[in-house]
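Asks: Here it is: the structure, laid out below.
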Amino acid sequence: MAEKIEITISCPKCNFSQTKNIYKSINASTDGEIKDLILNRELFTFTCDNCDHKALIDYDFLYHDPENKVMIYFLKDYDEKEDNLYRNIPKPSEDYKMRIVKSASDLIEKIKIFDMGFDDRVIELCKLFYLGNMRETNPEFITDHIYYDTDKNLVNSVFVFMNKEGKPAVAGLDKDFYNQVFKMYEERIIKREKSSFEIIDKTWAESFINKK
């Protein structure tokens, strides 16, 4: 069951103060409606009661999906070098995946990855290969960042490339290629798996590739 608290927020436009419920933890199995609010970003949207101004707000909370055996901590100001807490929290069971993300976009991406039955570590490795292919086949497109996404029916998976001007390019995720990458690195992935929360992102993937 979701755990929530009430906070006071001042509108950045008119300075009007009002209260808003925010969630400290969410269980995807029992809080399906709240999960939908995450995916459509409404959970992170503040609407002023006085002037109707809308603004995005980020706050820390734990997303727990018992069905997929996933825990994701959204910690917007997380500093891995100073972490003496989250990296020492043990897994509920060995097959759990425990992640830390620092943005709502990263949280949404992780949820979609796990809902589709993919391993986020393999997805991050696939991104590197897709980025390399994009540079070779479309050198005029300078990628600023890349993220995983799905269609509304959770059928098709894609990688979305964004340049600094905010223009997208899309490439479908080849599941056969995903499986090849998984088989290629499965043993090393298992050896490097941590027993608590960790960040799995581009930096992790690059470090993984460079360490033989």
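Ordering of the structure tokens sets the chain letters (A, B, ...), residue numbers begin anew at 1 in every chain, and ligands are numbered from 1 in the order given.
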Which residues, written as a PyMOL selection string, have at least one atom at most 7 Å from stretch 171-178 of chain A, with only C-alpha atoms counted and residues fewer than 6 positions away on the same chain left out?

Replies: chain A and resi 126+157-160

Asks: Within 6 Å of stretch 78-91 of chain A, counting only C-alpha atoms, which residues qualify if same-chain residues fewer than 3 places away don't, as a list in words?

Replies: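 Everything that qualifies: Leu75, Ser196 and Phe197 of chain A.
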
Asks: I'd like to know which residues of chain A are strand (DSSP E) (by DSSP, run on the backbone); could you write them as a ChimeraX atom specification?

Replies: /A:3-10,17-27,45-47,54-56,61-65,70-74,97-101,143-150,157-163,168-172

Asks: Name the closest residue to A:Leu62 among the candidates A:Ile199, A:Ile26, A:Ile190, A:Ile34; distances are taken between atoms, counting only C-alpha atoms.

Replies: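 Closest to A:Leu62, using only C-alpha atoms: A:Ile26.
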
Asks: In stretch 129-198 of chain A, what's helix (DSSP H, G or I) per DSSP? Answer as JSON, numbers by chain?

Replies: {"A": [129, 130, 131, 132, 133, 134, 135, 136, 137, 175, 176, 177, 178, 179, 180, 181, 182, 183, 184, 185, 186, 187, 188, 189, 190, 191, 192]}

Asks: Would you mind exporting N, CA and C atoms of the selected residues as a compact mmCIF listing (two decimals), in the first residue's frame?

Replies:
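Here's the written file out.txt:
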```
# COMPACT_ATOMS: atom_id res chain seq x y z
N PHE A 129 25.81 -0.01 -28.35
CA PHE A 129 25.96 -0.53 -29.72
C PHE A 129 25.09 0.26 -30.70
N TYR A 130 23.87 0.60 -30.28
CA TYR A 130 22.99 1.39 -31.15
C TYR A 130 23.56 2.79 -31.38
N LEU A 131 24.18 3.37 -30.34
CA LEU A 131 24.80 4.68 -30.50
C LEU A 131 25.95 4.62 -31.51
N GLY A 132 26.75 3.57 -31.42
CA GLY A 132 27.84 3.41 -32.37
C GLY A 132 27.33 3.28 -33.79
N ASN A 133 26.25 2.54 -33.96
CA ASN A 133 25.66 2.37 -35.29
C ASN A 133 25.09 3.69 -35.81
N MET A 134 24.48 4.47 -34.91
CA MET A 134 23.92 5.76 -35.31
C MET A 134 25.03 6.70 -35.80
N ARG A 135 26.16 6.69 -35.11
CA ARG A 135 27.28 7.55 -35.52
C ARG A 135 27.80 7.16 -36.90
N GLU A 136 27.78 5.87 -37.21
CA GLU A 136 28.29 5.41 -38.50
C GLU A 136 27.30 5.67 -39.63
N THR A 137 26.02 5.42 -39.37
CA THR A 137 25.02 5.51 -40.44
C THR A 137 24.42 6.90 -40.59
N LYS A 175 14.96 -7.76 -30.86
CA LYS A 175 15.00 -8.68 -29.72
C LYS A 175 16.04 -9.77 -29.90
N ASP A 176 16.30 -10.17 -31.15
CA ASP A 176 17.36 -11.15 -31.40
C ASP A 176 18.72 -10.56 -31.02
N PHE A 177 18.91 -9.29 -31.33
CA PHE A 177 20.16 -8.63 -30.96
C PHE A 177 20.27 -8.51 -29.44
N TYR A 178 19.17 -8.16 -28.79
CA TYR A 178 19.14 -8.10 -27.32
C TYR A 178 19.58 -9.44 -26.74
N ASN A 179 19.03 -10.52 -27.27
CA ASN A 179 19.37 -11.85 -26.75
C ASN A 179 20.84 -12.19 -27.00
N GLN A 180 21.38 -11.74 -28.13
CA GLN A 180 22.80 -11.96 -28.42
C GLN A 180 23.68 -11.25 -27.40
N VAL A 181 23.33 -10.00 -27.11
CA VAL A 181 24.10 -9.22 -26.12
C VAL A 181 23.99 -9.87 -24.75
N PHE A 182 22.81 -10.33 -24.42
CA PHE A 182 22.60 -10.99 -23.12
C PHE A 182 23.49 -12.23 -23.00
N LYS A 183 23.48 -13.08 -24.02
CA LYS A 183 24.28 -14.30 -23.98
C LYS A 183 25.78 -13.99 -23.97
N MET A 184 26.16 -12.93 -24.68
CA MET A 184 27.57 -12.56 -24.77
C MET A 184 28.13 -12.13 -23.41
N TYR A 185 27.31 -11.42 -22.63
CA TYR A 185 27.81 -10.83 -21.38
C TYR A 185 27.17 -11.40 -20.12
N GLU A 186 26.36 -12.43 -20.24
CA GLU A 186 25.60 -12.95 -19.10
C GLU A 186 26.50 -13.30 -17.93
N GLU A 187 27.57 -14.03 -18.20
CA GLU A 187 28.45 -14.47 -17.11
C GLU A 187 29.07 -13.29 -16.38
N ARG A 188 29.54 -12.30 -17.14
CA ARG A 188 30.16 -11.13 -16.51
C ARG A 188 29.14 -10.30 -15.75
N ILE A 189 27.91 -10.21 -16.28
CA ILE A 189 26.86 -9.46 -15.59
C ILE A 189 26.57 -10.07 -14.24
N ILE A 190 26.48 -11.39 -14.21
CA ILE A 190 26.19 -12.10 -12.95
C ILE A 190 27.31 -11.87 -11.94
N LYS A 191 28.56 -11.92 -12.41
CA LYS A 191 29.69 -11.73 -11.51
C LYS A 191 29.73 -10.33 -10.92
N ARG A 192 29.27 -9.33 -11.69
CA ARG A 192 29.34 -7.94 -11.23
C ARG A 192 28.09 -7.50 -10.48
```

Asks: Excluding same-chain residues fewer than 6 positions from A:Asp52, what lies within 10 Å of it counting only C-alpha atoms, as number ranges by chain?

Replies: A: 11, 13-14, 46

Asks: Just C-alpha atoms for this one: save the residues we selected as a PDB file, in the first residue's frame.

Replies:
```pdb
ATOM      1  CA  CYS A  11       3.722  28.404  -6.511  1.00  0.00           C
ATOM      2  CA  LYS A  13       4.689  32.003 -10.404  1.00  0.00           C
ATOM      3  CA  CYS A  14       2.391  33.703  -7.862  1.00  0.00           C
ATOM      4  CA  PHE A  46       2.000  20.639  -9.418  1.00  0.00           C
TER       5      PHE A  46
END
```

Asks: Which of these residues is nearest to A:Ala205, using only C-alpha atoms: A:Met162, A:Val122, A:Leu154, A:Ala28?

Replies: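 Going through A:Met162, A:Val122, A:Leu154, A:Ala28 one by one, the smallest distance to A:Ala205 is for A:Val122.
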
Asks: Hey, what's within 12 Å of A:Pro66 if we count only C-alpha atoms and toss same-chain stuff fewer than 3 positions away? As a PyMOL selection string, please?

Replies: chain A and resi 1+26-31+63+69-72+92-93+95-98+114-115

Asks: Those residues you just picked out, can you put them in a file as a PDB file, in the first residue's frame with C-alpha atoms?

Replies:
```pdb
ATOM      1  CA  MET A   1       0.000   0.000   0.000  1.00  0.00           C
ATOM      2  CA  ILE A  26       4.506   2.893  -3.954  1.00  0.00           C
ATOM      3  CA  ASN A  27       3.643  -0.767  -4.479  1.00  0.00           C
ATOM      4  CA  ALA A  28       2.976  -1.448  -8.158  1.00  0.00           C
ATOM      5  CA  SER A  29       0.908  -4.546  -7.363  1.00  0.00           C
ATOM      6  CA  THR A  30      -1.601  -2.720  -5.169  1.00  0.00           C
ATOM      7  CA  ASP A  31      -1.231   0.889  -6.356  1.00  0.00           C
ATOM      8  CA  TYR A  63       8.926   2.220  -6.180  1.00  0.00           C
ATOM      9  CA  LYS A  69      10.908  -8.377  -8.165  1.00  0.00           C
ATOM     10  CA  VAL A  70      12.139  -4.828  -8.623  1.00  0.00           C
ATOM     11  CA  MET A  71      12.829  -1.972  -6.220  1.00  0.00           C
ATOM     12  CA  ILE A  72      13.697   1.462  -7.609  1.00  0.00           C
ATOM     13  CA  PRO A  92      14.710  -9.211  -0.147  1.00  0.00           C
ATOM     14  CA  SER A  93      15.861 -12.198  -2.227  1.00  0.00           C
ATOM     15  CA  ASP A  95      16.659 -12.544  -7.749  1.00  0.00           C
ATOM     16  CA  TYR A  96      15.576  -8.985  -6.869  1.00  0.00           C
ATOM     17  CA  LYS A  97      16.860  -6.050  -8.917  1.00  0.00           C
ATOM     18  CA  MET A  98      17.477  -2.924  -6.815  1.00  0.00           C
ATOM     19  CA  PHE A 114      11.161  -4.246 -16.355  1.00  0.00           C
ATOM     20  CA  ASP A 115       7.496  -4.375 -17.377  1.00  0.00           C
TER      21      ASP A 115
END
```

Asks: What lies within 12 Å of A:Ile5 using only C-alpha atoms, ignoring chain neighbours under 6 positions off, as a PyMOL selection string?

Replies: chain A and resi 19-25+59-61

Asks: Would you save the residues of that selection, restricted to C-alpha atoms, as a PDB file, in the first residue's frame?

Replies:
```
ATOM      1  CA  THR A  19      -0.718  21.579   0.447  1.00  0.00           C
ATOM      2  CA  LYS A  20      -0.087  18.534  -1.717  1.00  0.00           C
ATOM      3  CA  ASN A  21       0.128  14.830  -0.993  1.00  0.00           C
ATOM      4  CA  ILE A  22       3.367  13.196  -2.077  1.00  0.00           C
ATOM      5  CA  TYR A  23       4.247   9.529  -1.891  1.00  0.00           C
ATOM      6  CA  LYS A  24       7.152   8.056   0.063  1.00  0.00           C
ATOM      7  CA  SER A  25       6.626   4.532  -1.267  1.00  0.00           C
ATOM      8  CA  TYR A  59      10.787  14.195  -4.662  1.00  0.00           C
ATOM      9  CA  ASP A  60      12.349  11.045  -3.258  1.00  0.00           C
ATOM     10  CA  PHE A  61      10.346   7.840  -2.986  1.00  0.00           C
TER      11      PHE A  61
END
```

Asks: If we count only C-alpha atoms, what is near stretch 104-113 of chain A at a cut-off of 7 Å, once residues fewer than 4 positions away on the same chain are taken out, given as a list in words?

Replies: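 In the requested form, the answer reads Ile38, Leu39, Phe74, Gly117, Phe118, Asp120, Tyr148 and Asp149 of chain A.
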
Asks: Closest to A:Asn153 among A:Glu6, A:Glu165, A:Met116, A:Phe141, using only C-alpha atoms?

Replies: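 Of all the options, A:Met116 lies closest to A:Asn153.
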
Asks: Of the candidates A:His64, A:Lys167, A:Lys127, A:Lys76, which one gets nearest to A:Trp204 if we count only C-alpha atoms?

Replies: A:Lys127

Asks: Hey, what's within 6 Å of A:Phe44 if we count only C-alpha atoms and toss same-chain stuff fewer than 3 positions away? As an NGL selection string, please?

Replies: :A and (41 or 56-57)

Asks: In terms of the shortest atom-to-atom distance over only C-alpha atoms, which of A:Asp58, A:Glu67, A:Gly32, A:Ala2 is closest to A:Val101?

Replies: A:Asp58
